[in-house]
Amino acid sequence: MSYQPWNQGSPGRVPGGLTPQPWQQPAQLSAMRASHTDRERAIDVLKAGFSEGRLGQPEYEQRLERAQNAQTYGELHLLLADLPQGPLPLPTPTPQQFAQPQAYVAQPVPRTFLPPPQTNGSAIGALVCGVLTPMYGLTAIPAIILGHKAKAEIRRTGERGEGLATAGLVLGWVTLGFVAVVLVIVAAVALGR
């Protein structure tokens with residue numbers, strides 16, 4: 001009888017006084033029960049694999065059904081092992097891991113489960129000011145200022161919105177250039193009279 005997390009006894013020993021062997025550890029991890037969240041994450045990875053063309057329709061539907069009914073990490077691992085961003089491989093245990101219980105070490109979160117980067121607020125403001133410039137004229141300068149500020153913040157933080165900042169900058173500078181040309185023409189006409 002192998003040690004299971006729900007059995008009574010010390011974590012480093014199995015009932016009957018036997019010490020677990022290194023080859024038993026991955027099987028024990030595979031036998032750990034999966035939660036609803038684990039199944040949902042596995043379904044997300046399957047959806048990504050299907051949308052990328054890595055799985056055909058029949059295979060996707062079959063794996064989806066098996067993921068919904070999976071009871072253990074091992075079952076989920078088998079469904080996702082050949083897909084990118086699936087579960088990380090089970091760690092290879094060392095003899096020291098059996099002597100002392102180790103604290104749980106969080107694994108890196110696959111990119112599929114991370115929230116998308118946020119759009120920079122200054123970039124949105126630059127675009128809004130740039131779009132309003134033809135109507136109000138005075139928003140060209142805030143569009144330029146916010147556009148440069150947004151580009152610096154995007155380089156520093158990795159947020160989205162580079163195109164929005166560029167569009168705000170272009171609209172602001174084009175409007176200022178147009179105003180400068182009109183002022184030069186008006187001044188030339190006024191001096192010519």
# chains A, B, ... in the order shown; residues from 1 in each chain; ligands from 1
>>> residues_around(residues="Ser122 of chain A", least_positions_apart="6", cutoff="9 Å", atoms="only C-alpha atoms", output="short mmCIF file (atom, residue, chain, number, x, y, z; two decimals) with C-alpha atoms, in the first residue's frame")
data_model
loop_
_atom_site.label_atom_id
_atom_site.label_comp_id
_atom_site.auth_asym_id
_atom_site.auth_seq_id
_atom_site.Cartn_x
_atom_site.Cartn_y
_atom_site.Cartn_z
CA LEU A 146 0.25 62.71 -23.06
CA GLY A 147 1.59 60.87 -26.13
CA HIS A 148 5.23 61.35 -25.09
CA LYS A 149 4.41 60.49 -21.47
CA ALA A 150 2.57 57.32 -22.56
CA LYS A 151 5.43 56.14 -24.77
CA GLU A 153 5.56 54.64 -19.50
CA GLY A 161 -1.20 51.23 -26.09
CA ALA A 165 0.03 57.07 -28.09
#
>>> closest_residue(among="A:Ile154, A:Leu164, A:Ala70, A:Ile141", to="Val179 of chain A", atoms="only C-alpha atoms")
A:Ile141
>>> closest_residue(among="A:Pro84, A:Thr175, A:Phe50, A:Asn120", to="Arg156 of chain A", atoms="only C-alpha atoms")
A:Asn120
>>> atom_distance(atom1="atom CA of Gly158 of chain A", atom2="atom CA of Gly53 of chain A")
28.7 Å
>>> residues_around(residues="Val128 of chain A", least_positions_apart="2", cutoff="12 Å", atoms="only C-alpha atoms", output="JSON, numbers by chain")
{"A": [121, 122, 123, 124, 125, 126, 130, 131, 132, 133, 134, 135, 136, 139, 140, 142, 143, 144, 146, 147, 164, 165, 166, 167, 168, 169, 171, 172]}
>>> write_last_selection(atoms="C-alpha atoms", output="short mmCIF file (atom, residue, chain, number, x, y, z; two decimals), in the first residue's frame")
data_model
loop_
_atom_site.label_atom_id
_atom_site.label_comp_id
_atom_site.auth_asym_id
_atom_site.auth_seq_id
_atom_site.Cartn_x
_atom_site.Cartn_y
_atom_site.Cartn_z
CA GLY A 121 -4.19 55.42 -19.56
CA SER A 122 -2.01 58.24 -20.89
CA ALA A 123 -2.08 56.61 -24.34
CA ILE A 124 -5.87 56.59 -24.29
CA GLY A 125 -5.86 60.24 -23.17
CA ALA A 126 -3.43 61.17 -25.97
CA GLY A 130 -5.83 64.11 -30.63
CA VAL A 131 -9.28 63.19 -31.95
CA LEU A 132 -10.86 66.23 -30.25
CA THR A 133 -8.22 68.61 -31.68
CA PRO A 134 -10.09 69.45 -34.94
CA MET A 135 -13.19 70.38 -32.93
CA TYR A 136 -11.59 72.34 -30.11
CA THR A 139 -6.31 69.76 -27.17
CA ALA A 140 -3.32 69.42 -29.54
CA PRO A 142 -2.23 67.88 -24.23
CA ALA A 143 -2.28 65.19 -26.97
CA ILE A 144 1.45 65.70 -27.59
CA LEU A 146 0.25 62.71 -23.06
CA GLY A 147 1.59 60.87 -26.13
CA LEU A 164 -2.80 54.86 -29.34
CA ALA A 165 0.03 57.07 -28.09
CA THR A 166 1.49 57.37 -31.58
CA ALA A 167 -1.89 58.29 -33.06
CA GLY A 168 -2.38 60.99 -30.40
CA LEU A 169 1.11 62.36 -31.10
CA LEU A 171 -2.81 64.17 -34.56
CA GLY A 172 -1.40 66.71 -32.10
#
>>> atom_distance(atom1="atom CA of Thr72 of chain A", atom2="atom CA of Ser35 of chain A")
8.3 Å
>>> closest_residue(among="A:Ala152, A:Thr119, A:Asp82, A:Gly137", to="Val174 of chain A", atoms="only C-alpha atoms")
A:Gly137
